[in-house]
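As C-alpha cells, the structure follows; a few thoughts come after it.
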2 protein chains.
Amino acid sequence: MKKLLNAKERIVDDMIDGFVAAYPDIVARGSNPRVVRRASPAPRDQKVALLIGNGSGHEPIAMGFVGEGLLDANVVGDVFAAPSPDIILEGIEEVTGEAGALLLISRHEGDVINGNAAAMMAEDDGLKVRSLLMYDDISSAPKGQEDERRGAAGTMFIYKILGAAAETGMELDDLVALGEDVRARTRTLGAAVFPGVSPLTGELMFTLPEDEIFIGMGVHGEPGVGRRKVEPVKDLVSFMVGELLEDRPIEPGTTTIGLINGSGGTTLMELLTVYNEVASILSAHGLPAAAPMIGSYSTTQEMGGFSISLFTPTPEMMGYWCAPHQSPYFPRIHSAERTDHG
Amino acid sequence: MKKLLNAKERIVDDMIDGFVAAYPDIVARGSNPRVVRRASPAPRDQKVALLIGNGSGHEPIAMGFVGEGLLDANVVGDVFAAPSPDIILEGIEEVTGEAGALLLISRHEGDVINGNAAAMMAEDDGLKVRSLLMYDDISSAPKGQEDERRGAAGTMFIYKILGAAAETGMELDDLVALGEDVRARTRTLGAAVFPGVSPLTGELMFTLPEDEIFIGMGVHGEPGVGRRKVEPVKDLVSFMVGELLEDRPIEPGTTTIGLINGSGGTTLMELLTVYNEVASILSAHGLPAAAPMIGSYSTTQEMGGFSISLFTPTPEMMGYWCAPHQSPYFPRIHSAERTDHG
C-alpha cells in the first residue's frame, strides 16, 4: 500500500495533529483528542451549537468545515467508522450551553445508532439537544421512501446553511425546521468510475470493469442502482440529471444550485466539464443556475467518481449559503446567477 | 480510459465553458476563447496586469487563480502543452494598459520559449511588458544553478504575493523585484507515489515499482533525483525537509511558510499528515510555522504524490500572502503563527 502514513493506528490522530497545527486560529482539539472544535468558542448561551460525528477518510468533510459560520465541532471517528456514542457525547458536552445543540447525522447505520444514542445521553444529562437526519441519495431508496435514503454530498447544503443561520442566533427548533426544508429541496446522485484504496487494508475498495461506471454507489462502496458503459460525459450527465429531475421535478424559473462533488481521484478538469453539462441541461429546462460548488469535498480516499446534487433554495437559504465563513476547507460560495448559459 | 470527457479535442474548451459558467461574476472568456480573464477588468492605467500562459491538465493552477487580488488573465494551453506565442500575445493585449503587464513564466521549456516570444511581440507592439521566470524545484538543477531549475508548486507564492501587491498599485519594476525576492526565498521538493493517466493517450504517465517513491519528479513526469523505498511518512518528510534546508538554510527564529501541495490523487488526510511532520521538524529547528497552504492546487491529473515548499516571507510579503482575494480556487490563507508545535 502506498499511502503516506506512519502507522495505521496513527492515521487519524496524525491527521488531526496536522490540521490543528495548520489552522490554530480556527480549530483546536477538544478535551477528547478526537473532538475538533472551534479555537474561539461561540457564545453558548446565545448560539445553538452545530456539530456532527462521522467516520474519517472522507476529508475535508467534516473536520475541515469546523469554524465560524459552519460547525462548532466535529467528532472524528476511525476511518470509515462512526465514533462511539461516548465520544460523540463528549463532543456535545464540549460545545453545548443554554442555547442547546443540533447534532447532524448523515444517514448511515453506524452514524444513526451512535448519534441517536449520544443525543439521548446528552438529554439525560440535562442538555438541550436535537438531532437532524440527513439523506439525499436517490439511488439508495425509491421515491416515497426518502427517509430511508443515505446521506451523500448534498448534506453539505445543510452544514453550510444551518451553520450560517445558527450564527445569526436562530433558535434550535427553527434550525431543525430549516434543516428539514433544505433536506426536502435537495437530491443527489453519484457515479463511481474507479475504486479508491482503503488505508486500513491496502486493498482496492471494490472492482469495476474497465469499460463500466457504477451509478449510485455510496461513499463506502455501497451498491448502487446500476451500471453504464463508459460514454461521453454529456450522455452520462444527461442521464443523471434526468433521474434527479424525475425524482424531484423543478418548476421552470426556479433558481437551482448545482453541487458537483468529486470522490477524490477525479480531476477538477473533469468536474468543471460535468458542471458545464449540468448548467446546459438546467438552462434547457428553464432553470437559472447559481452559486455552484465544484470540487472534491466529500471524498472516499482517491476513488474516481463524482456526484451531482441539485438544490432549490429559498432566498433566505441562498443568503445563508453565500454568507462568509471561516472554516479552512469549505469553499467561498459565489452567488452570481446566470441565465444565459447555453 | 475512464476520464469524464466528451472528446479529447474538446477537453480544454469544455472545461473553460464550465468554469466561466460557474463563476460568471469573477471570470469571463477573453476575445480568444483560450484566454480566461477577470469578469470586471481592473483599471488598466493604474494597475499592472498579472498573467500567465501555461498548459492545462494541472487544475486549479492557473485558471482557477484568476480574479481580484490574483491573476488578471490566464492563457490556457492544450493539456500539458504551452499555449502558442500568438495566443499568449492575445492574452497580454486583452489586459494591458498604461500601467503595463507582468507575464509570469514557470520555467519549463515550451513555456519559456513561447512566453518570451509573446513578451517580445507585445513590446514590439508598444506595450510595457516584463516577464518573470519562476523556478523553485531543487531536484532539477544543483545549488548554484538555481536559474536552471523547474517551476513547481512554490511558484504559487509568487502568484499570490504579486497579485496582492499589484492590487495596491505597485509599479511594474517593483513587482518584478518583489517577485525575484519571493523566488529567492522559496524552495520546493516533490515526491511521486503513483502515476496519473494522461487524458490524451489514456495511458499511465510513468511506471514506478510498487514499493518505491520517486523523489523530485516534475509535473509532467520529468525524471527526479532518486528513489526511496516506501517508508513511514515521518522518515520521508524528514529526508525531504533536510534536503530543502540544506539547499537553503534558514536562520532559527525565521517565520516559515510550509506549502504542502497534492499532485491530485493524494488524500487530504495524507497531506495533513505530511504537514504535521513538516511543522514538527520546523519547530525542532526553531522555525515558527505560519500561514500554510495544504491541498491539491498544482496537480498532474490523478497522480499520487506531493511537494513540500518552504518560503520565508518578509512582513510585507506575509501581508500580501494573507490578503483577501476573489479567485475561485485559491484558498483563503490564515495567518496565525504558531510556535508551540511539537
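If you're wondering about the labels, chains in the C-alpha cells are A, B, ... by order shown, residues count from 1 in each chain, ligands from 1 in order shown.
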For chain A, work out the contacting residues on chain B at 7 Å, counting only C-alpha atoms, and write them as JSON, numbers by chain. {"B": [2, 4, 5, 6, 14, 15, 17, 18, 19, 21, 22, 23, 24, 25, 57, 59, 60, 193, 230, 232, 233, 234, 264, 265, 266, 267, 268, 269, 270, 272, 273, 275, 276, 292, 301, 302, 334, 336, 341]}
Can you tell me which residues surround Glu316 (chain B) at a distance of at most 10 Å, considering only C-alpha atoms, apart from same-chain residues fewer than 2 positions away, and format the answer as a CSV table (one decimal) with N, CA and C atoms, in the first residue's frame?
chain,number,residue,atom,x,y,z
B,161,ILE,N,1.4,36.7,-4.0
B,161,ILE,CA,2.0,37.9,-3.4
B,161,ILE,C,2.1,39.0,-4.4
B,165,ALA,N,0.0,42.5,-4.3
B,165,ALA,CA,0.8,43.7,-4.4
B,165,ALA,C,0.4,44.6,-5.6
B,178,LEU,N,10.1,42.4,-6.4
B,178,LEU,CA,9.4,41.7,-5.4
B,178,LEU,C,9.3,40.2,-5.7
B,313,PRO,N,8.9,34.5,4.3
B,313,PRO,CA,8.5,35.9,3.8
B,313,PRO,C,9.0,37.0,4.7
B,314,THR,N,9.2,38.2,4.1
B,314,THR,CA,9.3,39.4,4.8
B,314,THR,C,7.9,39.7,5.4
B,318,MET,N,4.3,38.6,3.8
B,318,MET,CA,3.3,37.9,4.6
B,318,MET,C,1.9,38.6,4.5
B,319,GLY,N,2.0,39.9,4.5
B,319,GLY,CA,0.7,40.7,4.4
B,319,GLY,C,0.0,40.4,3.1
B,320,TYR,N,0.8,40.4,2.0
B,320,TYR,CA,0.3,40.1,0.7
B,320,TYR,C,-0.2,38.6,0.6
B,321,TRP,N,0.5,37.7,1.2
B,321,TRP,CA,0.2,36.3,1.2
B,321,TRP,C,-1.2,36.1,1.8
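Those residues of region 66-145 of chain B that DSSP, working from the backbone, places in helix (DSSP H, G or I) are B:Pro85, B:Asp86, B:Ile87, B:Ile88, B:Leu89, B:Glu90, B:Gly91, B:Ile92, B:Glu93, B:Glu94, B:Val95, B:Glu109, B:Gly110, B:Asp111, B:Val112, B:Ile113, B:Asn114, B:Gly115, B:Asn116, B:Ala117, B:Ala118, B:Ala119, B:Met120, B:Met121, B:Ala122, B:Glu123, B:Asp124.
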Output N, CA, C and O atoms for every residue in the selection just made, as a tab-separated table (two decimals), in the first residue's frame.
chain	number	residue	atom	x	y	z
B	85	PRO	N	2.81	31.45	-28.83
B	85	PRO	CA	3.10	32.88	-28.60
B	85	PRO	C	1.94	33.78	-29.04
B	85	PRO	O	1.63	34.77	-28.37
B	86	ASP	N	1.29	33.45	-30.13
B	86	ASP	CA	0.20	34.30	-30.63
B	86	ASP	C	-0.94	34.41	-29.63
B	86	ASP	O	-1.52	35.49	-29.44
B	87	ILE	N	-1.29	33.28	-29.03
B	87	ILE	CA	-2.41	33.32	-28.09
B	87	ILE	C	-2.00	34.02	-26.79
B	87	ILE	O	-2.78	34.78	-26.21
B	88	ILE	N	-0.75	33.77	-26.35
B	88	ILE	CA	-0.27	34.50	-25.16
B	88	ILE	C	-0.30	36.01	-25.43
B	88	ILE	O	-0.73	36.80	-24.59
B	89	LEU	N	0.11	36.38	-26.66
B	89	LEU	CA	0.07	37.80	-27.03
B	89	LEU	C	-1.36	38.34	-26.95
B	89	LEU	O	-1.59	39.44	-26.44
B	90	GLU	N	-2.31	37.55	-27.41
B	90	GLU	CA	-3.72	37.99	-27.31
B	90	GLU	C	-4.11	38.21	-25.85
B	90	GLU	O	-4.84	39.14	-25.52
B	91	GLY	N	-3.64	37.31	-24.99
B	91	GLY	CA	-3.92	37.47	-23.57
B	91	GLY	C	-3.31	38.74	-23.01
B	91	GLY	O	-3.96	39.48	-22.25
B	92	ILE	N	-2.07	39.01	-23.40
B	92	ILE	CA	-1.40	40.23	-22.93
B	92	ILE	C	-2.18	41.46	-23.41
B	92	ILE	O	-2.46	42.38	-22.63
B	93	GLU	N	-2.53	41.45	-24.68
B	93	GLU	CA	-3.25	42.61	-25.24
B	93	GLU	C	-4.59	42.81	-24.54
B	93	GLU	O	-5.05	43.94	-24.36
B	94	GLU	N	-5.19	41.73	-24.15
B	94	GLU	CA	-6.52	41.78	-23.52
B	94	GLU	C	-6.51	42.57	-22.21
B	94	GLU	O	-7.51	43.18	-21.84
B	95	VAL	N	-5.40	42.51	-21.47
B	95	VAL	CA	-5.42	43.07	-20.11
B	95	VAL	C	-4.42	44.20	-19.88
B	95	VAL	O	-4.36	44.74	-18.78
B	109	GLU	N	10.44	24.28	-20.70
B	109	GLU	CA	10.99	24.74	-21.98
B	109	GLU	C	9.96	25.46	-22.86
B	109	GLU	O	10.17	26.57	-23.30
B	110	GLY	N	8.83	24.81	-23.10
B	110	GLY	CA	7.84	25.40	-24.00
B	110	GLY	C	7.27	26.70	-23.46
B	110	GLY	O	7.06	27.67	-24.21
B	111	ASP	N	7.06	26.74	-22.15
B	111	ASP	CA	6.53	27.95	-21.54
B	111	ASP	C	7.51	29.11	-21.68
B	111	ASP	O	7.11	30.25	-21.93
B	112	VAL	N	8.81	28.80	-21.53
B	112	VAL	CA	9.83	29.86	-21.60
B	112	VAL	C	9.93	30.40	-23.01
B	112	VAL	O	9.89	31.61	-23.25
B	113	ILE	N	10.02	29.49	-23.98
B	113	ILE	CA	10.19	29.92	-25.38
B	113	ILE	C	8.97	30.73	-25.84
B	113	ILE	O	9.08	31.84	-26.36
B	114	ASN	N	7.79	30.18	-25.60
B	114	ASN	CA	6.57	30.84	-26.10
B	114	ASN	C	6.26	32.11	-25.31
B	114	ASN	O	5.80	33.12	-25.88
B	115	GLY	N	6.53	32.07	-24.00
B	115	GLY	CA	6.28	33.26	-23.18
B	115	GLY	C	7.20	34.41	-23.56
B	115	GLY	O	6.75	35.55	-23.74
B	116	ASN	N	8.48	34.10	-23.71
B	116	ASN	CA	9.42	35.17	-24.08
B	116	ASN	C	9.11	35.73	-25.47
B	116	ASN	O	9.20	36.94	-25.70
B	117	ALA	N	8.72	34.85	-26.38
B	117	ALA	CA	8.37	35.32	-27.73
B	117	ALA	C	7.16	36.25	-27.67
B	117	ALA	O	7.13	37.31	-28.31
B	118	ALA	N	6.18	35.87	-26.87
B	118	ALA	CA	4.97	36.70	-26.75
B	118	ALA	C	5.30	38.05	-26.12
B	118	ALA	O	4.80	39.10	-26.56
B	119	ALA	N	6.16	38.03	-25.09
B	119	ALA	CA	6.52	39.29	-24.43
B	119	ALA	C	7.24	40.21	-25.40
B	119	ALA	O	7.00	41.43	-25.43
B	120	MET	N	8.11	39.63	-26.25
B	120	MET	CA	8.82	40.46	-27.23
B	120	MET	C	7.86	41.04	-28.26
B	120	MET	O	7.97	42.21	-28.63
B	121	MET	N	6.93	40.21	-28.70
B	121	MET	CA	5.95	40.72	-29.68
B	121	MET	C	5.12	41.84	-29.07
B	121	MET	O	4.80	42.83	-29.74
B	122	ALA	N	4.77	41.69	-27.80
B	122	ALA	CA	3.97	42.72	-27.14
B	122	ALA	C	4.75	44.02	-27.03
B	122	ALA	O	4.21	45.11	-27.25
B	123	GLU	N	6.04	43.89	-26.73
B	123	GLU	CA	6.88	45.11	-26.66
B	123	GLU	C	6.98	45.77	-28.03
B	123	GLU	O	6.95	46.99	-28.14
B	124	ASP	N	7.12	44.94	-29.06
B	124	ASP	CA	7.17	45.48	-30.43
B	124	ASP	C	5.88	46.24	-30.75
B	124	ASP	O	5.88	47.19	-31.53
Which residues are near Glu98 (chain A)? Cut-off 9 Å, only C-alpha atoms, ignore same chain within fewer than 6 positions. Put them as a PyMOL selection string. chain A and resi 44-48+127-128
Written selection (all heavy atoms) as a PDB file, in the first residue's frame:
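Saved file again_2.pdb follows:
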ATOM      1  N   ARG A  44     -22.134  30.349  24.090  1.00  0.00           N
ATOM      2  CA  ARG A  44     -23.001  29.165  24.126  1.00  0.00           C
ATOM      3  C   ARG A  44     -24.395  29.429  24.676  1.00  0.00           C
ATOM      4  O   ARG A  44     -25.265  28.573  24.580  1.00  0.00           O
ATOM      5  CB  ARG A  44     -22.324  28.062  24.931  1.00  0.00           C
ATOM      6  CG  ARG A  44     -21.155  27.527  24.145  1.00  0.00           C
ATOM      7  CD  ARG A  44     -20.322  26.562  24.919  1.00  0.00           C
ATOM      8  NE  ARG A  44     -19.088  26.342  24.155  1.00  0.00           N
ATOM      9  CZ  ARG A  44     -17.971  25.898  24.674  1.00  0.00           C
ATOM     10  NH1 ARG A  44     -17.891  25.601  25.947  1.00  0.00           N
ATOM     11  NH2 ARG A  44     -16.912  25.746  23.916  1.00  0.00           N
ATOM     12  N   ASP A  45     -24.566  30.596  25.283  1.00  0.00           N
ATOM     13  CA  ASP A  45     -25.907  30.916  25.760  1.00  0.00           C
ATOM     14  C   ASP A  45     -26.730  31.579  24.661  1.00  0.00           C
ATOM     15  O   ASP A  45     -27.947  31.683  24.770  1.00  0.00           O
ATOM     16  CB  ASP A  45     -25.826  31.829  26.993  1.00  0.00           C
ATOM     17  CG  ASP A  45     -24.983  33.063  26.727  1.00  0.00           C
ATOM     18  OD1 ASP A  45     -24.149  33.042  25.784  1.00  0.00           O
ATOM     19  OD2 ASP A  45     -25.146  34.057  27.445  1.00  0.00           O
ATOM     20  N   GLN A  46     -26.072  32.014  23.600  1.00  0.00           N
ATOM     21  CA  GLN A  46     -26.783  32.739  22.547  1.00  0.00           C
ATOM     22  C   GLN A  46     -26.838  31.982  21.225  1.00  0.00           C
ATOM     23  O   GLN A  46     -27.698  32.241  20.394  1.00  0.00           O
ATOM     24  CB  GLN A  46     -26.096  34.086  22.284  1.00  0.00           C
ATOM     25  CG  GLN A  46     -26.166  35.042  23.459  1.00  0.00           C
ATOM     26  CD  GLN A  46     -25.122  36.138  23.347  1.00  0.00           C
ATOM     27  OE1 GLN A  46     -24.854  36.649  22.263  1.00  0.00           O
ATOM     28  NE2 GLN A  46     -24.516  36.503  24.468  1.00  0.00           N
ATOM     29  N   LYS A  47     -25.913  31.098  21.025  1.00  0.00           N
ATOM     30  CA  LYS A  47     -25.824  30.442  19.717  1.00  0.00           C
ATOM     31  C   LYS A  47     -25.961  28.929  19.859  1.00  0.00           C
ATOM     32  O   LYS A  47     -25.232  28.305  20.623  1.00  0.00           O
ATOM     33  CB  LYS A  47     -24.466  30.756  19.081  1.00  0.00           C
ATOM     34  CG  LYS A  47     -24.331  30.156  17.700  1.00  0.00           C
ATOM     35  CD  LYS A  47     -22.921  30.129  17.188  1.00  0.00           C
ATOM     36  CE  LYS A  47     -22.840  29.217  15.975  1.00  0.00           C
ATOM     37  NZ  LYS A  47     -23.108  27.802  16.282  1.00  0.00           N
ATOM     38  N   VAL A  48     -26.882  28.368  19.108  1.00  0.00           N
ATOM     39  CA  VAL A  48     -27.004  26.913  19.075  1.00  0.00           C
ATOM     40  C   VAL A  48     -25.713  26.329  18.501  1.00  0.00           C
ATOM     41  O   VAL A  48     -25.196  26.818  17.492  1.00  0.00           O
ATOM     42  CB  VAL A  48     -28.201  26.486  18.200  1.00  0.00           C
ATOM     43  CG1 VAL A  48     -28.227  24.971  18.016  1.00  0.00           C
ATOM     44  CG2 VAL A  48     -29.501  26.988  18.793  1.00  0.00           C
ATOM     45  N   LEU A 127     -28.945  18.366  28.881  1.00  0.00           N
ATOM     46  CA  LEU A 127     -28.618  19.292  27.796  1.00  0.00           C
ATOM     47  C   LEU A 127     -29.767  19.360  26.793  1.00  0.00           C
ATOM     48  O   LEU A 127     -30.494  18.392  26.590  1.00  0.00           O
ATOM     49  CB  LEU A 127     -27.337  18.848  27.085  1.00  0.00           C
ATOM     50  CG  LEU A 127     -26.079  18.867  27.958  1.00  0.00           C
ATOM     51  CD1 LEU A 127     -24.897  18.270  27.200  1.00  0.00           C
ATOM     52  CD2 LEU A 127     -25.760  20.295  28.403  1.00  0.00           C
ATOM     53  N   LYS A 128     -29.920  20.526  26.190  1.00  0.00           N
ATOM     54  CA  LYS A 128     -30.958  20.717  25.179  1.00  0.00           C
ATOM     55  C   LYS A 128     -30.370  20.343  23.820  1.00  0.00           C
ATOM     56  O   LYS A 128     -29.612  21.128  23.230  1.00  0.00           O
ATOM     57  CB  LYS A 128     -31.412  22.182  25.203  1.00  0.00           C
ATOM     58  CG  LYS A 128     -32.675  22.474  24.442  1.00  0.00           C
ATOM     59  CD  LYS A 128     -33.206  23.865  24.791  1.00  0.00           C
ATOM     60  CE  LYS A 128     -32.833  24.868  23.721  1.00  0.00           C
ATOM     61  NZ  LYS A 128     -33.222  26.249  24.066  1.00  0.00           N
TER      62      LYS A 128
END
As a check of understanding: the span from CA of Asp137 (chain B) to CA of Phe214 (chain B) is 14.0 Å
Hey, can you check how far CA of Thr254 (chain A) sits from CA of Leu282 (chain A)? 10.0 Å
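Pairwise distance (CA of Lys8 (chain B), CA of Pro83 (chain B)) equals 16.8 Å.
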